[in-house]
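Chemist: Following this line is entry-v3.csv, made up of CSV, C-alpha atoms:
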```csv
chain,number,residue,atom,x,y,z
A,1,MET,CA,-3.2,-35.9,6.8
A,2,THR,CA,-1.5,-34.1,9.6
A,3,VAL,CA,-0.8,-30.4,9.9
A,4,LEU,CA,2.9,-31.0,9.1
A,5,GLU,CA,2.2,-33.2,6.1
A,6,ALA,CA,-0.2,-30.6,4.7
A,7,ILE,CA,2.4,-27.9,5.1
A,8,GLN,CA,5.1,-29.9,3.5
A,9,ARG,CA,3.1,-31.0,0.5
A,10,SER,CA,1.5,-27.6,-0.1
A,11,ALA,CA,4.9,-25.9,0.2
A,12,GLU,CA,6.3,-28.3,-2.5
A,13,PHE,CA,3.3,-27.5,-4.7
A,14,LEU,CA,3.8,-23.7,-4.3
A,15,ALA,CA,7.5,-23.9,-4.9
A,16,LYS,CA,6.9,-25.7,-8.2
A,17,LYS,CA,4.5,-22.8,-9.2
A,18,GLY,CA,7.3,-20.3,-8.5
A,19,VAL,CA,5.8,-18.8,-5.4
A,20,ASP,CA,8.3,-17.1,-3.1
A,21,SER,CA,8.7,-18.3,0.5
A,22,PRO,CA,6.3,-21.2,-0.1
A,23,ARG,CA,6.4,-22.7,3.4
A,24,LEU,CA,5.6,-19.3,5.0
A,25,GLN,CA,2.8,-18.8,2.6
A,26,VAL,CA,1.3,-22.2,3.3
A,27,GLU,CA,1.5,-21.7,7.1
A,28,LEU,CA,-0.3,-18.4,6.8
A,29,LEU,CA,-3.0,-19.9,4.6
A,30,LEU,CA,-3.4,-22.9,6.9
A,31,SER,CA,-3.6,-20.7,10.0
A,32,SER,CA,-6.4,-18.8,8.4
A,33,VAL,CA,-8.3,-22.1,7.8
A,34,LEU,CA,-7.8,-23.4,11.3
A,35,LEU,CA,-8.4,-19.9,12.8
A,36,VAL,CA,-5.2,-20.1,14.9
A,37,PRO,CA,-2.0,-18.0,15.1
A,38,ARG,CA,0.6,-19.2,12.7
A,39,LEU,CA,3.1,-20.1,15.4
A,40,LYS,CA,0.5,-22.4,17.1
A,41,LEU,CA,0.8,-24.7,14.1
A,42,TYR,CA,4.2,-25.7,15.4
A,43,LEU,CA,2.6,-27.0,18.5
A,44,ASP,CA,0.0,-29.0,16.6
A,45,PHE,CA,2.1,-30.6,13.8
A,46,ASP,CA,0.7,-34.1,14.6
A,47,ARG,CA,-2.9,-32.9,14.6
A,48,LYS,CA,-5.1,-34.7,12.0
A,49,LEU,CA,-7.0,-32.3,9.7
A,50,THR,CA,-10.7,-33.0,9.1
A,51,PRO,CA,-11.8,-33.6,5.5
A,52,ALA,CA,-13.4,-30.1,5.5
A,53,GLU,CA,-10.2,-28.5,6.8
A,54,LEU,CA,-8.0,-30.3,4.3
A,55,GLU,CA,-10.2,-29.4,1.3
A,56,ALA,CA,-10.3,-25.7,2.4
A,57,ALA,CA,-6.5,-25.7,2.8
A,58,ARG,CA,-6.1,-27.3,-0.6
A,59,GLU,CA,-8.4,-24.8,-2.2
A,60,LEU,CA,-6.4,-21.9,-0.8
A,61,ALA,CA,-3.1,-23.5,-1.9
A,62,ARG,CA,-4.6,-23.9,-5.4
A,63,ARG,CA,-5.5,-20.2,-5.5
A,64,ARG,CA,-2.0,-19.2,-4.4
A,65,GLY,CA,-0.6,-21.6,-7.0
A,66,HIS,CA,-2.4,-19.6,-9.6
A,67,ARG,CA,-0.5,-16.6,-8.2
A,68,GLU,CA,-3.5,-14.9,-6.6
A,69,PRO,CA,-1.9,-12.6,-4.0
A,70,LEU,CA,-1.8,-14.0,-0.5
A,71,GLN,CA,-3.4,-10.7,0.7
A,72,HIS,CA,-6.4,-11.2,-1.6
A,73,ILE,CA,-6.9,-14.8,-0.4
A,74,LEU,CA,-6.8,-13.7,3.2
A,75,GLY,CA,-8.8,-10.6,2.5
A,76,SER,CA,-6.5,-8.2,4.3
A,77,THR,CA,-2.9,-7.3,5.1
A,78,CYS,CA,-1.0,-5.5,7.9
A,79,PHE,CA,0.2,-1.9,7.3
A,80,CYS,CA,1.8,0.0,10.1
A,81,GLY,CA,0.2,-2.3,12.6
A,82,LEU,CA,-3.3,-1.8,11.1
A,83,GLU,CA,-5.4,-4.3,9.4
A,84,ILE,CA,-6.3,-3.1,5.9
A,85,LYS,CA,-8.8,-5.0,3.7
A,86,VAL,CA,-7.8,-5.4,0.1
A,87,ASN,CA,-9.2,-6.9,-3.1
A,88,ARG,CA,-8.8,-6.4,-6.9
A,89,HIS,CA,-10.0,-2.8,-6.7
A,90,VAL,CA,-7.0,-1.5,-4.6
A,91,LEU,CA,-3.3,-1.8,-4.7
A,92,VAL,CA,-2.0,-4.2,-2.1
A,93,PRO,CA,-0.1,-2.0,0.5
A,94,ARG,CA,3.7,-2.6,0.3
A,95,PRO,CA,6.0,-2.6,3.3
A,96,GLU,CA,8.1,0.2,1.7
A,97,THR,CA,5.1,2.5,1.9
A,98,GLU,CA,5.1,2.3,5.7
A,99,ARG,CA,8.0,4.6,5.7
A,100,LEU,CA,6.1,7.2,3.7
A,101,ALA,CA,3.2,7.0,6.2
A,102,GLU,CA,5.5,7.3,9.1
A,103,ARG,CA,7.3,10.4,7.8
A,104,ALA,CA,3.9,11.9,7.1
A,105,TRP,CA,2.6,11.5,10.6
A,106,GLN,CA,5.9,12.6,12.1
A,107,TYR,CA,5.8,15.8,10.2
A,108,LEU,CA,2.2,16.6,11.1
A,109,CYS,CA,2.6,15.7,14.8
A,110,GLY,CA,5.8,17.8,14.9
A,111,ARG,CA,4.2,21.0,13.8
A,112,ASP,CA,3.8,23.7,16.5
A,113,SER,CA,0.2,24.5,15.5
A,114,PRO,CA,-2.5,21.8,16.2
A,115,GLY,CA,-5.0,20.8,13.7
A,116,ALA,CA,-2.7,20.3,10.7
A,117,THR,CA,-4.3,19.2,7.4
A,118,ALA,CA,-3.0,16.5,5.0
A,119,LEU,CA,-4.1,15.1,1.7
A,120,ASP,CA,-3.4,11.6,0.6
A,121,PHE,CA,-3.4,11.9,-3.2
A,122,GLY,CA,-4.6,8.6,-4.8
A,123,THR,CA,-5.5,6.9,-1.5
A,124,GLY,CA,-6.4,3.4,-2.9
A,125,SER,CA,-7.1,1.2,0.1
A,126,GLY,CA,-6.7,4.2,2.4
A,127,CYS,CA,-3.7,2.7,4.2
A,128,VAL,CA,-1.6,5.9,4.3
A,129,ALA,CA,-4.4,8.2,5.3
A,130,ILE,CA,-5.6,5.7,7.9
A,131,ALA,CA,-2.1,5.3,9.4
A,132,VAL,CA,-1.6,9.1,9.5
A,133,ALA,CA,-5.0,9.6,11.2
A,134,ALA,CA,-4.3,6.8,13.7
A,135,ASN,CA,-0.9,8.1,14.7
A,136,CYS,CA,-1.7,11.8,14.6
A,137,PRO,CA,-5.3,12.1,15.8
A,138,ASP,CA,-5.2,15.9,15.9
A,139,ALA,CA,-4.6,16.1,12.1
A,140,ARG,CA,-7.5,16.5,9.7
A,141,VAL,CA,-6.9,14.1,6.8
A,142,HIS,CA,-8.3,14.2,3.3
A,143,ALA,CA,-8.1,11.2,1.0
A,144,ALA,CA,-8.8,11.4,-2.8
A,145,ASP,CA,-9.0,8.7,-5.5
A,146,ILE,CA,-10.5,8.4,-8.9
A,147,SER,CA,-11.9,5.0,-8.2
A,148,ALA,CA,-15.2,4.8,-6.4
A,149,GLU,CA,-14.6,1.1,-5.6
A,150,ALA,CA,-11.3,1.9,-4.1
A,151,LEU,CA,-12.8,4.7,-2.0
A,152,ARG,CA,-15.5,2.2,-0.8
A,153,PHE,CA,-12.8,0.0,0.6
A,154,ALA,CA,-10.9,2.9,2.0
A,155,ARG,CA,-14.0,4.1,3.9
A,156,GLU,CA,-14.5,0.5,5.3
A,157,ASN,CA,-10.9,0.4,6.4
A,158,ALA,CA,-11.2,3.7,8.1
A,159,VAL,CA,-14.3,2.5,10.0
A,160,SER,CA,-12.7,-0.8,11.0
A,161,ASN,CA,-9.6,1.1,12.3
A,162,ASN,CA,-11.7,3.7,14.2
A,163,VAL,CA,-10.5,6.7,12.3
A,164,ALA,CA,-13.5,7.4,10.0
A,165,ASP,CA,-14.3,10.7,11.8
A,166,ASN,CA,-10.8,11.9,11.1
A,167,ILE,CA,-10.8,11.4,7.3
A,168,GLN,CA,-12.8,13.1,4.5
A,169,PHE,CA,-12.9,11.1,1.3
A,170,HIS,CA,-13.2,12.6,-2.1
A,171,CYS,CA,-13.9,10.8,-5.4
A,172,GLY,CA,-12.6,12.3,-8.6
A,173,ASN,CA,-9.7,12.9,-10.9
A,174,GLY,CA,-6.8,14.3,-8.8
A,175,PHE,CA,-7.1,17.7,-7.3
A,176,ALA,CA,-10.4,18.2,-9.2
A,177,ALA,CA,-12.0,15.9,-6.6
A,178,LEU,CA,-11.4,18.5,-3.9
A,179,PRO,CA,-13.9,21.2,-2.8
A,180,SER,CA,-12.9,24.7,-3.7
A,181,GLY,CA,-10.8,26.6,-1.3
A,182,VAL,CA,-9.3,23.7,0.5
A,183,SER,CA,-5.5,23.7,1.3
A,184,PHE,CA,-3.1,21.5,3.2
A,185,ASP,CA,0.0,21.5,5.3
A,186,LEU,CA,1.1,18.2,3.7
A,187,ILE,CA,0.4,16.5,0.5
A,188,VAL,CA,1.5,12.9,0.4
A,189,ALA,CA,1.3,10.5,-2.5
A,190,ASN,CA,2.3,7.0,-3.6
A,191,PRO,CA,1.2,7.5,-7.3
A,192,PRO,CA,1.4,5.0,-10.1
A,193,TYR,CA,5.0,4.8,-11.2
A,194,ILE,CA,5.5,1.8,-13.4
A,195,PRO,CA,6.3,2.6,-17.1
A,196,SER,CA,3.4,1.4,-19.2
A,197,ALA,CA,5.6,-1.0,-21.3
A,198,GLU,CA,7.0,-2.7,-18.2
A,199,ILE,CA,3.7,-3.7,-16.6
A,200,ASP,CA,3.3,-7.0,-18.6
A,201,ALA,CA,6.7,-8.1,-17.2
A,202,LEU,CA,5.7,-7.7,-13.6
A,203,ALA,CA,5.1,-10.6,-11.3
A,204,PRO,CA,1.7,-12.2,-11.9
A,205,GLU,CA,0.6,-11.2,-8.4
A,206,VAL,CA,1.0,-7.6,-9.5
A,207,ARG,CA,0.3,-7.7,-13.2
A,208,ASP,CA,-2.9,-9.8,-13.0
A,209,TYR,CA,-4.4,-8.7,-9.7
A,210,ASP,CA,-3.4,-5.1,-8.8
A,211,PRO,CA,-5.6,-2.5,-10.7
A,212,ARG,CA,-3.7,-1.3,-13.7
A,213,LEU,CA,-4.9,2.2,-12.8
A,214,ALA,CA,-2.8,2.1,-9.7
A,215,LEU,CA,0.3,0.9,-11.6
A,216,ASP,CA,0.5,2.7,-14.9
A,217,GLY,CA,2.6,5.8,-14.6
A,218,GLY,CA,2.8,6.6,-18.3
A,219,ALA,CA,5.6,6.0,-20.8
A,220,ASP,CA,8.4,6.7,-18.4
A,221,GLY,CA,6.5,6.1,-15.1
A,222,LEU,CA,6.6,9.7,-14.1
A,223,ASP,CA,3.4,11.3,-15.4
A,224,PHE,CA,1.8,11.7,-12.0
A,225,TYR,CA,5.0,13.3,-10.6
A,226,ARG,CA,4.8,16.0,-13.3
A,227,ARG,CA,1.1,16.5,-12.5
A,228,LEU,CA,1.8,16.8,-8.7
A,229,ALA,CA,4.7,19.1,-9.2
A,230,ALA,CA,2.6,21.4,-11.4
A,231,GLU,CA,-0.7,21.4,-9.6
A,232,ALA,CA,0.1,20.8,-5.9
A,233,PRO,CA,1.4,24.3,-5.1
A,234,GLY,CA,-2.1,25.7,-5.5
A,235,PHE,CA,-3.3,23.4,-2.7
A,236,LEU,CA,-0.4,23.7,-0.3
A,237,ARG,CA,-0.3,26.2,2.6
A,238,PRO,CA,2.8,28.4,3.1
A,239,ALA,CA,5.6,26.4,4.6
A,240,GLY,CA,3.8,23.2,3.6
A,241,ARG,CA,5.5,20.0,2.3
A,242,MET,CA,5.0,17.4,-0.3
A,243,MET,CA,6.1,13.8,0.2
A,244,LEU,CA,6.3,11.4,-2.8
A,245,GLU,CA,7.0,7.7,-2.8
A,246,SER,CA,8.9,6.5,-5.9
A,247,GLY,CA,10.0,3.4,-7.7
A,248,ASP,CA,13.5,2.0,-7.6
A,249,GLY,CA,15.9,4.4,-9.4
A,250,GLN,CA,13.4,7.2,-9.9
A,251,THR,CA,14.2,9.7,-7.1
A,252,GLU,CA,16.8,11.6,-9.1
A,253,ARG,CA,14.5,12.2,-12.0
A,254,ILE,CA,11.6,13.1,-9.7
A,255,GLY,CA,13.9,15.6,-8.1
A,256,GLU,CA,14.6,17.2,-11.4
A,257,ILE,CA,10.9,17.4,-12.2
A,258,VAL,CA,10.0,19.1,-9.0
A,259,VAL,CA,12.9,21.5,-9.3
A,260,ARG,CA,11.8,22.5,-12.8
A,261,HIS,CA,8.4,23.4,-11.3
A,262,LYS,CA,10.1,25.6,-8.7
A,263,TRP,CA,10.2,23.2,-5.7
A,264,VAL,CA,13.1,22.8,-3.4
A,265,VAL,CA,14.0,19.2,-2.6
A,266,GLU,CA,14.7,19.0,1.1
A,267,SER,CA,15.6,15.4,1.3
A,268,VAL,CA,15.5,12.0,-0.3
A,269,GLU,CA,14.9,9.3,2.3
A,270,ALA,CA,15.3,5.6,2.2
A,271,ASP,CA,12.7,2.9,3.0
A,272,TYR,CA,13.3,0.2,5.5
A,273,THR,CA,15.4,-1.8,3.1
A,274,GLY,CA,17.8,1.2,2.6
A,275,ARG,CA,16.6,2.0,-0.9
A,276,PRO,CA,16.1,5.7,-1.8
A,277,ARG,CA,12.3,5.9,-1.8
A,278,ILE,CA,10.8,9.2,-0.6
A,279,VAL,CA,11.2,12.7,-2.1
A,280,ILE,CA,10.4,15.5,0.3
A,281,ALA,CA,10.0,18.9,-1.2
A,282,ARG,CA,8.6,22.4,-0.5
A,283,PRO,CA,7.7,25.2,-2.9
A,284,GLU,CA,10.4,27.9,-3.4
A,285,ARG,CA,8.2,30.5,-2.0
A,286,ALA,CA,8.4,28.8,1.5
```
The structure in this file should be written as structure tokens.
Modeler:
Amino acid sequence: MTVLEAIQRSAEFLAKKGVDSPRLQVELLLSSVLLVPRLKLYLDFDRKLTPAELEAARELARRRGHREPLQHILGSTCFCGLEIKVNRHVLVPRPETERLAERAWQYLCGRDSPGATALDFGTGSGCVAIAVAANCPDARVHAADISAEALRFARENAVSNNVADNIQFHCGNGFAALPSGVSFDLIVANPPYIPSAEIDALAPEVRDYDPRLALDGGADGLDFYRRLAAEAPGFLRPAGRMMLESGDGQTERIGEIVVRHKWVVESVEADYTGRPRIVIARPERA
């Protein structure tokens, strides 16, 4: 079987299984088997696959057909130009979260005083903390998560992206994970925001493979925003900021929550698709 035939047949298989962009997915899987850039496949359409290559490609296609996320099959994903390893213990980084990371490092790098500090609350794979540390090397970044397995991956990702010396990791439940007396110029979070009753209706790639702990935001999806609004002021330096990613349609309600806890909403910013996504707030005292 040639490269082109393998792509065509596997794409048809994935389409029948309900996988989005089946041809692109197959090309990415096949390029990982052949250890070549995806675009090089177009130069080798007539190449005959060896039996071992064909079986490996079929196995990956079968896994994707069972709706295992592409990122899990490949073992990593790209986030802000960085390679981030993922598995079942961490939420797969989403493209919309890249905007949150970008706003975080822009804010830290734009401060007059060097050595700004930031907390990534619920770091998961570490993608936001790592992107901030990579793009604002003068910042001191802290990353906290309740999952020890997630933090193990986050540490590995920090090492592989050469920012391990810039990030301190803390395992525990929210702010209780932090050492006493620590405070930050910025608290950034992409907390769980899916209402509990809606999780079973999510796409299989999310419902069956992302950790529920990273998805479940309580009855209305907003439990962690209430917690952050109530507890974060005790860890924020004067004139500090909090940046929160939200789900679709949640920014207005999150704004109401933070205002009730005596925050000022400075702005609500869109992600790269134009959807309102990020709530930026400061305590009233600032």
Chemist: With only C-alpha atoms as the basis for distance, which of A:Val279, A:Ala52, A:Leu30, A:Ala270 is at the shortest distance from Glu252 of chain A?
Modeler: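 Once distances to Glu252 of chain A are computed over only C-alpha atoms, the minimum belongs to A:Val279.
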Chemist: Could you tell me how far atom CA of Asn173 of chain A lies from atom CA of Ala143 of chain A, in Å and to one decimal?
Modeler: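 We find that atom CA of Asn173 of chain A and atom CA of Ala143 of chain A lie 12.1 Å from each other.
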Chemist: May I ask which of the residues A:Ser180, A:Thr117, A:Asn166, A:Gln250 is the closest one to Pro195 of chain A, counting only C-alpha atoms?
Modeler: A:Gln250
Chemist: Within 9 Å of (-4.4, 24.0, 12.6), only C-alpha atoms: residues as a list of chain:residue names?
Modeler: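 Residues lying no farther than 9 Å from the given point: A:Ser113, A:Pro114, A:Gly115, A:Ala116, A:Thr117, A:Asp138, A:Ala139, A:Arg140, A:Asp185.
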Chemist: Looking at all atoms listed in the file, which of A:Arg207, A:His170, A:Arg99, A:Arg227 is the one that sits closest to Phe79 of chain A?
Modeler: A:Arg99
Chemist: Ranking A:Asp120, A:Glu102, A:Asp112, A:Glu156 by minimum distance to Ile84 of chain A and counting only C-alpha atoms, which one comes first?
Modeler: A:Glu156
Chemist: Kindly give the distance, in Å, that separates atom CA of Tyr209 of chain A and atom CA of Ser125 of chain A, rounded to a single decimal.
Modeler: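 Straight-line distance from atom CA of Tyr209 of chain A to atom CA of Ser125 of chain A works out to 14.2 Å.
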Chemist: Given all atoms listed in the file as the basis, pick out the residue of A:Glu55, A:Asp44, A:Asp220, A:Glu98 nearest to Gly249 of chain A.
Modeler: A:Asp220
Chemist: Atom CA of Arg285 of chain A and atom CA of Cys109 of chain A are how many Å apart?
Modeler: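 These two atoms are separated by 23.1 Å.
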Chemist: Residues near Leu151 of chain A, anyone? I mean within 12 Å using only C-alpha atoms, not counting same-chain ones fewer than 4 positions away, as a PyMOL selection string.
Modeler: chain A and resi 85-86+89-91+120-127+129+142-147+155-158+167-172
Chemist: Write out as a tab-separated table the residues of segment 76-131 of chain A that have any atom within 8 Å of an atom of segment 66-71 of chain A, one row each with the nearest atom pair and its distance in Å to one decimal, counting all atoms listed in the file, sorted by chain and then rising number.
Modeler:
```
residue	atom	partner	partner_atom	distance
A:Ser76	CA	A:Gln71	CA	5.4
A:Thr77	CA	A:Gln71	CA	5.6
A:Val86	CA	A:Gln71	CA	6.9
A:Asn87	CA	A:Gln71	CA	7.9
A:Val92	CA	A:Gln71	CA	7.2
```
